[in-house]
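Next comes target-v2.txt, with compact mmCIF, C-alpha atoms.
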# COMPACT_ATOMS: atom_id res chain seq x y z
CA MET A 867 -201.57 1.90 -216.27
CA ALA A 868 -198.57 1.07 -218.42
CA GLU A 869 -195.41 3.06 -217.75
CA LEU A 870 -193.86 5.00 -220.60
CA PRO A 871 -190.27 4.07 -221.43
CA GLN A 872 -187.78 6.45 -219.88
CA LYS A 873 -185.86 8.75 -222.19
CA PRO A 874 -182.09 8.13 -222.09
CA SER A 875 -180.28 10.66 -219.92
CA ARG A 876 -177.51 12.88 -221.23
CA THR A 877 -175.03 10.66 -219.41
CA ASP A 878 -176.44 7.54 -221.08
CA GLN A 879 -176.29 9.19 -224.50
CA VAL A 880 -172.70 10.30 -224.01
CA PHE A 881 -171.75 6.87 -222.68
CA GLU A 882 -173.25 5.14 -225.72
CA ALA A 883 -171.58 7.58 -228.11
CA ILE A 884 -168.13 7.06 -226.61
CA VAL A 885 -168.59 3.28 -226.53
CA ASP A 886 -169.52 3.38 -230.20
CA ASP A 887 -166.39 5.41 -230.97
CA ILE A 888 -164.23 2.88 -229.12
CA CYS A 889 -165.89 -0.13 -230.75
CA THR A 890 -165.63 1.29 -234.27
CA GLY A 891 -162.00 2.31 -233.84
CA ARG A 892 -162.56 6.05 -233.85
CA LEU A 893 -161.05 6.20 -230.39
CA THR A 894 -158.08 3.84 -230.31
CA PRO A 895 -156.09 2.37 -227.40
CA GLY A 896 -153.86 4.90 -225.70
CA VAL A 897 -155.84 7.89 -226.94
CA PRO A 898 -156.24 10.47 -224.14
CA LEU A 899 -159.85 11.41 -223.45
CA ARG A 900 -160.14 15.16 -222.89
CA GLN A 901 -163.32 16.24 -221.15
CA GLU A 902 -163.40 19.66 -222.74
CA GLN A 903 -163.01 18.20 -226.25
CA LEU A 904 -165.71 15.59 -225.69
CA ALA A 905 -168.08 18.20 -224.23
CA GLU A 906 -167.57 20.42 -227.26
CA ARG A 907 -168.00 17.56 -229.67
CA PHE A 908 -171.27 16.30 -228.19
CA ASN A 909 -172.54 19.78 -227.33
CA VAL A 910 -173.08 19.01 -223.66
CA SER A 911 -171.73 20.28 -220.36
CA ARG A 912 -168.80 18.56 -218.66
CA GLN A 913 -170.98 16.93 -215.99
CA PRO A 914 -172.46 14.16 -218.21
CA ILE A 915 -169.00 13.69 -219.73
CA GLN A 916 -167.51 13.11 -216.27
CA GLN A 917 -170.29 10.68 -215.33
CA ALA A 918 -170.00 8.76 -218.61
CA LEU A 919 -166.22 8.45 -218.25
CA LEU A 920 -166.67 7.09 -214.73
CA LEU A 921 -169.01 4.40 -216.07
CA LEU A 922 -166.54 3.59 -218.84
CA ARG A 923 -163.73 3.26 -216.30
CA ASN A 924 -165.83 0.97 -214.10
CA GLN A 925 -166.49 -1.28 -217.10
CA GLY A 926 -162.83 -1.39 -218.04
CA LEU A 927 -163.14 0.41 -221.36
CA VAL A 928 -160.96 3.32 -220.23
CA ARG A 929 -158.25 3.54 -217.58
CA GLU A 930 -156.38 6.18 -215.65
CA PHE A 931 -153.04 7.43 -216.91
CA GLY A 932 -150.74 10.22 -215.89
CA ARG A 933 -151.77 12.41 -213.01
CA ARG A 934 -155.45 13.03 -213.77
CA GLY A 935 -156.11 11.69 -217.24
CA LEU A 936 -158.04 8.82 -218.81
CA GLU A 937 -157.27 6.86 -221.96
CA VAL A 938 -158.84 4.04 -223.94
CA THR A 939 -157.63 0.79 -222.38
CA PRO A 940 -155.29 -1.19 -224.67
CA LEU A 941 -156.27 -4.78 -225.43
CA GLU A 942 -154.15 -7.57 -224.00
CA ARG A 943 -154.24 -11.30 -224.67
CA ASP A 944 -154.98 -12.29 -221.07
CA PHE A 945 -157.96 -9.95 -220.98
CA VAL A 946 -159.33 -11.44 -224.22
CA SER A 947 -158.96 -15.00 -222.87
CA HIS A 948 -160.71 -14.15 -219.61
CA LEU A 949 -163.45 -12.30 -221.45
CA TYR A 950 -164.16 -15.21 -223.78
CA GLU A 951 -164.17 -17.72 -220.93
CA LEU A 952 -166.99 -15.68 -219.42
CA ARG A 953 -168.67 -15.36 -222.81
CA ALA A 954 -168.74 -19.13 -223.31
CA ILE A 955 -170.53 -19.58 -219.99
CA LEU A 956 -173.09 -16.79 -220.41
CA ASP A 957 -173.79 -17.38 -224.11
CA GLY A 958 -174.12 -21.12 -223.56
CA GLN A 959 -176.63 -20.72 -220.75
CA ALA A 960 -178.55 -18.07 -222.67
CA ALA A 961 -178.87 -20.32 -225.72
CA ARG A 962 -180.10 -23.23 -223.59
CA LEU A 963 -182.76 -21.09 -221.92
CA ALA A 964 -183.74 -19.43 -225.20
CA ALA A 965 -184.49 -22.84 -226.71
CA ASP A 966 -187.14 -23.32 -224.05
CA ARG A 967 -188.55 -19.80 -223.85
CA ARG A 968 -188.37 -18.31 -227.37
CA THR A 969 -191.54 -17.19 -229.13
CA ASP A 970 -192.51 -17.22 -232.79
CA GLU A 971 -192.08 -13.46 -232.89
CA TRP A 972 -188.61 -13.80 -231.40
CA LEU A 973 -187.68 -16.41 -234.02
CA ARG A 974 -188.73 -14.08 -236.83
CA HIS A 975 -186.67 -11.24 -235.35
CA ALA A 976 -183.58 -13.42 -234.82
CA THR A 977 -183.88 -14.78 -238.34
CA ARG A 978 -183.87 -11.24 -239.76
CA ILE A 979 -180.67 -10.48 -237.83
CA VAL A 980 -178.94 -13.53 -239.31
CA VAL A 981 -180.08 -12.58 -242.83
CA VAL A 982 -178.77 -9.02 -242.43
CA GLY A 983 -175.52 -10.26 -240.93
CA ARG A 984 -174.90 -12.65 -243.80
CA GLN A 985 -175.59 -9.88 -246.29
CA ALA A 986 -173.16 -7.61 -244.45
CA PHE A 987 -170.53 -10.34 -244.75
CA ASP A 988 -171.21 -10.72 -248.48
CA ASP A 989 -170.91 -6.94 -248.87
CA ARG A 990 -167.70 -6.90 -246.80
CA SER A 991 -169.35 -4.34 -244.52
CA PHE A 992 -167.50 -5.33 -241.36
CA ALA A 993 -168.77 -2.51 -239.16
CA LEU A 994 -172.36 -3.60 -239.91
CA MET A 995 -171.40 -7.22 -239.43
CA VAL A 996 -169.97 -6.53 -235.98
CA ARG A 997 -173.11 -4.66 -234.94
CA ASN A 998 -175.36 -7.49 -236.12
CA ASP A 999 -173.12 -10.08 -234.49
CA VAL A 1000 -173.53 -8.37 -231.14
CA GLU A 1001 -177.25 -7.84 -231.77
CA PHE A 1002 -177.76 -11.56 -232.47
CA HIS A 1003 -176.24 -12.62 -229.16
CA ARG A 1004 -178.04 -9.90 -227.22
CA THR A 1005 -181.28 -11.07 -228.80
CA VAL A 1006 -180.60 -14.61 -227.60
CA VAL A 1007 -180.14 -13.27 -224.07
CA GLU A 1008 -183.40 -11.32 -224.34
CA ALA A 1009 -185.24 -14.57 -225.15
CA THR A 1010 -184.32 -15.91 -221.70
CA GLU A 1011 -186.44 -13.22 -220.02
CA ASN A 1012 -183.88 -13.22 -217.22
CA PRO A 1013 -183.04 -9.61 -216.29
CA LEU A 1014 -179.99 -10.58 -214.21
CA LEU A 1015 -178.52 -12.58 -217.08
CA ALA A 1016 -179.22 -9.66 -219.41
CA GLU A 1017 -177.49 -7.22 -217.06
CA SER A 1018 -174.42 -9.44 -216.68
CA ALA A 1019 -174.22 -10.11 -220.40
CA GLY A 1020 -174.65 -6.42 -221.17
CA VAL A 1021 -171.39 -5.47 -219.46
CA MET A 1022 -169.61 -8.41 -221.08
CA TRP A 1023 -170.84 -7.50 -224.55
CA ARG A 1024 -169.56 -3.95 -224.22
CA ASN A 1025 -166.10 -5.44 -224.05
CA VAL A 1026 -166.73 -8.14 -226.66
CA GLN A 1027 -167.94 -5.53 -229.13
CA ARG A 1028 -164.85 -3.46 -228.43
CA VAL A 1029 -162.57 -6.49 -228.99
CA MET A 1030 -164.33 -7.36 -232.23
CA GLY A 1031 -164.22 -3.79 -233.46
CA GLU A 1032 -160.56 -3.34 -232.57
CA VAL A 1033 -159.34 -6.57 -234.17
CA LEU A 1034 -161.81 -7.75 -236.80
CA LEU A 1035 -162.28 -4.40 -238.50
CA GLN A 1036 -158.60 -4.58 -239.38
CA GLY A 1037 -158.77 -7.92 -241.17
CA GLY A 1038 -162.36 -8.98 -241.61
CA ALA A 1039 -163.99 -12.17 -240.35
CA PRO A 1040 -164.47 -15.69 -241.72
CA ALA A 1041 -167.74 -17.04 -243.12
CA TRP A 1042 -168.11 -19.54 -240.30
CA VAL A 1043 -169.17 -16.75 -237.92
CA TRP A 1044 -172.60 -16.47 -239.51
CA GLU A 1045 -172.79 -20.20 -240.21
CA ASP A 1046 -172.42 -20.67 -236.44
CA HIS A 1047 -175.14 -18.12 -235.75
CA ALA A 1048 -177.50 -19.91 -238.13
CA ALA A 1049 -176.76 -23.26 -236.45
CA ILE A 1050 -177.40 -21.81 -232.97
CA LEU A 1051 -180.66 -20.32 -234.20
CA ASP A 1052 -181.72 -23.66 -235.73
CA ALA A 1053 -181.11 -25.44 -232.42
CA ILE A 1054 -183.13 -22.82 -230.55
CA ARG A 1055 -185.91 -23.10 -233.13
CA ASP A 1056 -185.91 -26.89 -232.62
CA ALA A 1057 -186.12 -26.38 -228.83
CA ASP A 1058 -182.89 -28.38 -228.42
CA GLY A 1059 -181.36 -26.68 -225.44
CA ALA A 1060 -178.37 -29.00 -225.11
CA ALA A 1061 -177.38 -28.53 -228.75
CA ALA A 1062 -177.92 -24.76 -228.57
CA GLU A 1063 -175.66 -24.49 -225.51
CA ALA A 1064 -172.94 -26.65 -227.05
CA LEU A 1065 -172.98 -24.67 -230.29
CA ALA A 1066 -172.88 -21.33 -228.44
CA ARG A 1067 -169.94 -22.45 -226.32
CA ARG A 1068 -168.05 -23.73 -229.35
CA HIS A 1069 -168.78 -20.46 -231.16
CA ALA A 1070 -167.25 -18.49 -228.28
CA GLU A 1071 -164.17 -20.75 -228.30
CA HIS A 1072 -163.76 -20.22 -232.04
CA GLY A 1073 -164.16 -16.48 -231.53
CA GLU A 1074 -161.43 -16.41 -228.89
CA GLN A 1075 -159.07 -18.26 -231.22
CA LEU A 1076 -159.85 -15.87 -234.07
CA ILE A 1077 -159.21 -12.80 -231.92
CA LEU A 1078 -155.98 -14.10 -230.40
CA GLU A 1079 -154.62 -15.05 -233.82
CA ALA A 1080 -155.29 -11.51 -235.03
CA MET A 1081 -153.44 -9.95 -232.09
CA PRO A 1082 -149.65 -9.50 -231.96
CA ALA A 1083 -147.98 -12.88 -231.46
CA GLU A 1084 -145.64 -11.57 -228.79
CA GLY A 1085 -148.62 -10.70 -226.61
CA ALA A 1086 -148.13 -6.96 -226.73
CA PRO A 1087 -151.34 -4.89 -226.56
CA ILE A 1088 -152.75 -3.43 -229.73
CA ASP A 1089 -151.67 0.12 -229.07
CA ARG A 1090 -151.53 2.56 -231.96
CA ALA A 1091 -149.96 5.85 -230.95
CA VAL A 1092 -152.16 8.62 -232.27
CA PRO A 1093 -152.88 12.17 -231.11
CA PRO A 1094 -156.07 12.93 -229.17
CA VAL A 1095 -159.18 12.91 -231.31
CA VAL A 1096 -160.73 16.31 -231.82
CA ALA A 1097 -163.87 16.37 -233.93
CA ALA A 1098 -164.26 18.93 -236.66
CA PRO A 1099 -167.24 21.27 -236.25
CA ASP A 1100 -169.42 19.26 -238.65
CA ASP A 1101 -167.92 15.86 -237.87
CA GLU A 1102 -170.50 14.82 -235.31
CA ALA A 1103 -174.07 15.89 -234.84
CA PRO A 1104 -175.06 16.98 -231.32
CA LEU A 1105 -176.75 14.41 -229.13
CA ALA A 1106 -180.52 14.15 -229.44
CA GLU A 1107 -182.58 16.39 -227.24
Final structure tokens representation of the file:
Amino acid sequence: MAELPQKPSRTDQVFEAIVDDICTGRLTPGVPLRQEQLAERFNVSRQPIQQALLLLRNQGLVREFGRRGLEVTPLERDFVSHLYELRAILDGQAARLAADRRTDEWLRHATRIVVVGRQAFDDRSFALMVRNDVEFHRTVVEATENPLLAESAGVMWRNVQRVMGEVLLQGGAPAWVWEDHAAILDAIRDADGAAAEALARRHAEHGEQLILEAMPAEGAPIDRAVPPVVAAPDDEAPLAE
């Protein structure tokens, strides 16, 4: 008997909602995260908030500050370089494996993502472009059918999405991003694992350069001082039951 997919827990829902806020710039570096405000905003008790914040801290998206507080972790150049070194390795291996294991259905799905991403670029919809960028690379990982690779890449992509959202949403992104995606997809479609890996690695290297050039030249973290975010009563719908 097939097992039904498990419904996301309250903690998972809160975690995803806060990650989305960080990645889209709603919660910016240095912003204190107040449990009572988050609980009110998402219409949940403080327990799932506490558990979600612990997960976020373990993944490096938030950090401790003061005596008992947490804040969104500022981005620093060394962190970006280390992150993209890891990305080049994981994305390269995923592309190589995907070239050998992809299905026709997977190719159709990946092609749709590239089409939507290119349209988002044409429309200058950078939030949508970032989401489709991340979705493309996650889809490549899914084609490997390797759960350990998917788990490792999942944590990495949380941080990559945050970096992209923090930096690229301020100044956009060049056309070559989706040209690279199309080239990687073509190599996977042609079952050319070596070419797919090389293109994915080069894409990650280009991405690192793009991010670092958009960050402050002196190496200071991107840290905009803003007051804590408190949602208005109708600003955010409660989490799904």
Item to check | Exercise: residues within 10 Å of coordinate (-176.3, -17.5, -241.2), counting all atoms listed in the file, as a count of residues only | outcome: 22
Item to check | segment 995-1009 of chain A surroundings by all atoms listed in the file, 6 Å radius, close-in-sequence under 4 positions cut, as a list of chain:residue names | outcome: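 Answer for this query is A:Ala960, A:Ala964, A:Arg968, A:Gly983, A:Ala986, A:Ala1016.
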Dump C-alpha atoms for the selected residues as a short mmCIF file (atom, residue, chain, number, x, y, z; two decimals), in the frame of the given file?
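again.cif, written as the output of this step:
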data_model
loop_
_atom_site.label_atom_id
_atom_site.label_comp_id
_atom_site.auth_asym_id
_atom_site.auth_seq_id
_atom_site.Cartn_x
_atom_site.Cartn_y
_atom_site.Cartn_z
CA ALA A 960 -178.55 -18.07 -222.67
CA ALA A 964 -183.74 -19.43 -225.20
CA ARG A 968 -188.37 -18.31 -227.37
CA GLY A 983 -175.52 -10.26 -240.93
CA ALA A 986 -173.16 -7.61 -244.45
CA ALA A 1016 -179.22 -9.66 -219.41
#
Checklist entry - Residues at most 10 Å from Val885 of chain A, counting only C-alpha atoms, excluding those fewer than 5 positions away in the same chain, as a PyMOL selection string? => result chain A and resi 879-880+890-893+918+922+927-928+1024-1025+1027-1028
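With distances restricted to only C-alpha atoms, A:Pro1040 is the closest residue to Arg990 of chain A from A:Val910, A:Pro940, A:Val946, A:Pro1040.
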Checklist entry - If we count only C-alpha atoms, what is near His1072 of chain A at a cut-off of 12 Å, once residues fewer than 6 positions away on the same chain are taken out, given as JSON, numbers by chain? => result {"A": [947, 950, 951, 953, 954, 1039, 1040, 1042, 1043, 1046, 1065, 1066, 1078, 1079]}
Item to check | Selected residue, from A:Asp988, A:Arg943, A:Gly932, A:Gly1059, that lies nearest to Gln1075 of chain A when counting only C-alpha atoms | outcome: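 Closest candidate: A:Arg943.
Between Ala961 of chain A and the candidates A:Asn909, A:Thr894, A:Gln916, A:Thr1010, the tightest atom-to-atom separation, counting only C-alpha atoms, involves A:Thr1010.
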Next on the checklist: Give me the residues near Glu902 of chain A as a ChimeraX atom specification, where near means some atom within 9 Å (using all atoms listed in the file) and where sequence neighbours in that chain fewer than 5 positions away do not count.
Outcome noted: /A:907,911-912,915
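Take the candidates A:Gly926, A:Gly1031, A:Arg967, A:Ala905 and check each one against Ile888 of chain A using all atoms listed in the file; the shortest distance goes to A:Gly1031.
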Checklist entry - What is the atom CA of Phe908 of chain A to atom CA of Gly1020 of chain A distance in Å? => result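 Separation of atom CA of Phe908 of chain A and atom CA of Gly1020 of chain A: 24.0 Å.
The interatomic distance for the pair atom CA of Leu921 of chain A and atom CA of Asp878 of chain A works out to 9.5 Å.
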Next on the checklist: What does the structure give for the distance between atom CA of Glu930 of chain A and atom CA of Leu956 of chain A, in Å to one decimal?
Outcome noted: 28.8 Å
Checklist outcome for this item: Of A:Gly958, A:Arg1055, A:Ala1062, A:Asp944, the one nearest to Glu971 of chain A when counting all atoms listed in the file is A:Arg1055
Output: segment 894-933 of chain A of the preceding structure, restricted to N, CA and C atoms, written as a PDB file, in the first residue's frame.
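Produced file result15.pdb, reproduced below:
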ATOM      1  N   THR A 894      15.730  41.602   6.875  1.00  0.00           N
ATOM      2  CA  THR A 894      17.068  41.943   6.413  1.00  0.00           C
ATOM      3  C   THR A 894      18.114  41.672   7.483  1.00  0.00           C
ATOM      4  N   PRO A 895      19.393  41.596   7.091  1.00  0.00           N
ATOM      5  CA  PRO A 895      20.465  41.332   8.063  1.00  0.00           C
ATOM      6  C   PRO A 895      20.452  42.313   9.221  1.00  0.00           C
ATOM      7  N   GLY A 896      20.625  41.762  10.420  1.00  0.00           N
ATOM      8  CA  GLY A 896      20.636  42.582  11.619  1.00  0.00           C
ATOM      9  C   GLY A 896      19.276  42.799  12.238  1.00  0.00           C
ATOM     10  N   VAL A 897      18.217  42.346  11.563  1.00  0.00           N
ATOM     11  CA  VAL A 897      16.870  42.530  12.109  1.00  0.00           C
ATOM     12  C   VAL A 897      16.633  41.545  13.257  1.00  0.00           C
ATOM     13  N   PRO A 898      16.303  42.031  14.451  1.00  0.00           N
ATOM     14  CA  PRO A 898      15.997  41.128  15.562  1.00  0.00           C
ATOM     15  C   PRO A 898      14.734  40.319  15.266  1.00  0.00           C
ATOM     16  N   LEU A 899      14.743  39.070  15.628  1.00  0.00           N
ATOM     17  CA  LEU A 899      13.591  38.192  15.441  1.00  0.00           C
ATOM     18  C   LEU A 899      12.910  37.985  16.785  1.00  0.00           C
ATOM     19  N   ARG A 900      11.739  38.570  16.944  1.00  0.00           N
ATOM     20  CA  ARG A 900      11.003  38.512  18.200  1.00  0.00           C
ATOM     21  C   ARG A 900       9.967  37.395  18.134  1.00  0.00           C
ATOM     22  N   GLN A 901      10.074  36.448  19.054  1.00  0.00           N
ATOM     23  CA  GLN A 901       9.184  35.295  19.014  1.00  0.00           C
ATOM     24  C   GLN A 901       7.717  35.695  19.121  1.00  0.00           C
ATOM     25  N   GLU A 902       7.431  36.623  19.996  1.00  0.00           N
ATOM     26  CA  GLU A 902       6.036  37.006  20.190  1.00  0.00           C
ATOM     27  C   GLU A 902       5.465  37.664  18.932  1.00  0.00           C
ATOM     28  N   GLN A 903       6.272  38.447  18.221  1.00  0.00           N
ATOM     29  CA  GLN A 903       5.803  39.098  16.998  1.00  0.00           C
ATOM     30  C   GLN A 903       5.594  38.080  15.883  1.00  0.00           C
ATOM     31  N   LEU A 904       6.519  37.130  15.768  1.00  0.00           N
ATOM     32  CA  LEU A 904       6.385  36.100  14.747  1.00  0.00           C
ATOM     33  C   LEU A 904       5.173  35.205  15.030  1.00  0.00           C
ATOM     34  N   ALA A 905       4.961  34.867  16.301  1.00  0.00           N
ATOM     35  CA  ALA A 905       3.815  34.028  16.668  1.00  0.00           C
ATOM     36  C   ALA A 905       2.509  34.728  16.325  1.00  0.00           C
ATOM     37  N   GLU A 906       2.454  36.026  16.596  1.00  0.00           N
ATOM     38  CA  GLU A 906       1.240  36.780  16.269  1.00  0.00           C
ATOM     39  C   GLU A 906       1.044  36.877  14.760  1.00  0.00           C
ATOM     40  N   ARG A 907       2.108  37.096  14.068  1.00  0.00           N
ATOM     41  CA  ARG A 907       2.015  37.256  12.613  1.00  0.00           C
ATOM     42  C   ARG A 907       1.514  35.997  11.937  1.00  0.00           C
ATOM     43  N   PHE A 908       2.067  34.839  12.333  1.00  0.00           N
ATOM     44  CA  PHE A 908       1.706  33.578  11.684  1.00  0.00           C
ATOM     45  C   PHE A 908       0.555  32.856  12.378  1.00  0.00           C
ATOM     46  N   ASN A 909       0.035  33.460  13.429  1.00  0.00           N
ATOM     47  CA  ASN A 909      -1.120  32.908  14.135  1.00  0.00           C
ATOM     48  C   ASN A 909      -0.840  31.500  14.652  1.00  0.00           C
ATOM     49  N   VAL A 910       0.303  31.363  15.310  1.00  0.00           N
ATOM     50  CA  VAL A 910       0.682  30.086  15.910  1.00  0.00           C
ATOM     51  C   VAL A 910       1.183  30.342  17.322  1.00  0.00           C
ATOM     52  N   SER A 911       1.368  29.265  18.076  1.00  0.00           N
ATOM     53  CA  SER A 911       1.932  29.395  19.414  1.00  0.00           C
ATOM     54  C   SER A 911       3.437  29.640  19.297  1.00  0.00           C
ATOM     55  N   ARG A 912       4.082  29.893  20.428  1.00  0.00           N
ATOM     56  CA  ARG A 912       5.515  30.176  20.395  1.00  0.00           C
ATOM     57  C   ARG A 912       6.357  28.916  20.221  1.00  0.00           C
ATOM     58  N   GLN A 913       5.781  27.737  20.480  1.00  0.00           N
ATOM     59  CA  GLN A 913       6.577  26.511  20.376  1.00  0.00           C
ATOM     60  C   GLN A 913       7.091  26.259  18.953  1.00  0.00           C
ATOM     61  N   PRO A 914       6.236  26.284  17.903  1.00  0.00           N
ATOM     62  CA  PRO A 914       6.781  26.096  16.551  1.00  0.00           C
ATOM     63  C   PRO A 914       7.717  27.226  16.131  1.00  0.00           C
ATOM     64  N   ILE A 915       7.504  28.422  16.662  1.00  0.00           N
ATOM     65  CA  ILE A 915       8.411  29.533  16.379  1.00  0.00           C
ATOM     66  C   ILE A 915       9.799  29.211  16.937  1.00  0.00           C
ATOM     67  N   GLN A 916       9.856  28.762  18.182  1.00  0.00           N
ATOM     68  CA  GLN A 916      11.127  28.416  18.814  1.00  0.00           C
ATOM     69  C   GLN A 916      11.837  27.310  18.040  1.00  0.00           C
ATOM     70  N   GLN A 917      11.087  26.285  17.627  1.00  0.00           N
ATOM     71  CA  GLN A 917      11.698  25.173  16.904  1.00  0.00           C
ATOM     72  C   GLN A 917      12.198  25.605  15.532  1.00  0.00           C
ATOM     73  N   ALA A 918      11.430  26.454  14.855  1.00  0.00           N
ATOM     74  CA  ALA A 918      11.839  26.937  13.537  1.00  0.00           C
ATOM     75  C   ALA A 918      13.092  27.806  13.643  1.00  0.00           C
ATOM     76  N   LEU A 919      13.158  28.648  14.651  1.00  0.00           N
ATOM     77  CA  LEU A 919      14.329  29.506  14.835  1.00  0.00           C
ATOM     78  C   LEU A 919      15.574  28.682  15.156  1.00  0.00           C
ATOM     79  N   LEU A 920      15.404  27.589  15.860  1.00  0.00           N
ATOM     80  CA  LEU A 920      16.534  26.704  16.143  1.00  0.00           C
ATOM     81  C   LEU A 920      17.067  26.094  14.842  1.00  0.00           C
ATOM     82  N   LEU A 921      16.154  25.656  13.976  1.00  0.00           N
ATOM     83  CA  LEU A 921      16.570  25.119  12.677  1.00  0.00           C
ATOM     84  C   LEU A 921      17.289  26.185  11.845  1.00  0.00           C
ATOM     85  N   LEU A 922      16.752  27.395  11.862  1.00  0.00           N
ATOM     86  CA  LEU A 922      17.362  28.487  11.116  1.00  0.00           C
ATOM     87  C   LEU A 922      18.763  28.797  11.644  1.00  0.00           C
ATOM     88  N   ARG A 923      18.919  28.746  12.954  1.00  0.00           N
ATOM     89  CA  ARG A 923      20.246  28.993  13.534  1.00  0.00           C
ATOM     90  C   ARG A 923      21.213  27.884  13.137  1.00  0.00           C
ATOM     91  N   ASN A 924      20.758  26.642  13.154  1.00  0.00           N
ATOM     92  CA  ASN A 924      21.624  25.520  12.788  1.00  0.00           C
ATOM     93  C   ASN A 924      22.068  25.585  11.333  1.00  0.00           C
ATOM     94  N   GLN A 925      21.240  26.200  10.481  1.00  0.00           N
ATOM     95  CA  GLN A 925      21.589  26.327   9.069  1.00  0.00           C
ATOM     96  C   GLN A 925      22.295  27.639   8.755  1.00  0.00           C
ATOM     97  N   GLY A 926      22.535  28.435   9.774  1.00  0.00           N
ATOM     98  CA  GLY A 926      23.317  29.643   9.589  1.00  0.00           C
ATOM     99  C   GLY A 926      22.560  30.848   9.071  1.00  0.00           C
ATOM    100  N   LEU A 927      21.242  30.749   8.977  1.00  0.00           N
ATOM    101  CA  LEU A 927      20.458  31.860   8.455  1.00  0.00           C
ATOM    102  C   LEU A 927      20.184  32.926   9.516  1.00  0.00           C
ATOM    103  N   VAL A 928      20.194  32.528  10.767  1.00  0.00           N
ATOM    104  CA  VAL A 928      20.091  33.493  11.865  1.00  0.00           C
ATOM    105  C   VAL A 928      21.204  33.182  12.853  1.00  0.00           C
ATOM    106  N   ARG A 929      21.507  34.157  13.702  1.00  0.00           N
ATOM    107  CA  ARG A 929      22.575  33.988  14.693  1.00  0.00           C
ATOM    108  C   ARG A 929      22.161  34.651  15.994  1.00  0.00           C
ATOM    109  N   GLU A 930      22.835  34.268  17.062  1.00  0.00           N
ATOM    110  CA  GLU A 930      22.565  34.844  18.366  1.00  0.00           C
ATOM    111  C   GLU A 930      23.153  36.247  18.457  1.00  0.00           C
ATOM    112  N   PHE A 931      22.466  37.108  19.179  1.00  0.00           N
ATOM    113  CA  PHE A 931      23.008  38.432  19.467  1.00  0.00           C
ATOM    114  C   PHE A 931      22.454  38.887  20.804  1.00  0.00           C
ATOM    115  N   GLY A 932      23.199  39.763  21.460  1.00  0.00           N
ATOM    116  CA  GLY A 932      22.753  40.212  22.766  1.00  0.00           C
ATOM    117  C   GLY A 932      22.753  39.076  23.778  1.00  0.00           C
ATOM    118  N   ARG A 933      21.879  39.170  24.718  1.00  0.00           N
ATOM    119  CA  ARG A 933      21.831  38.183  25.804  1.00  0.00           C
ATOM    120  C   ARG A 933      21.014  36.953  25.434  1.00  0.00           C
TER     121      ARG A 933
END
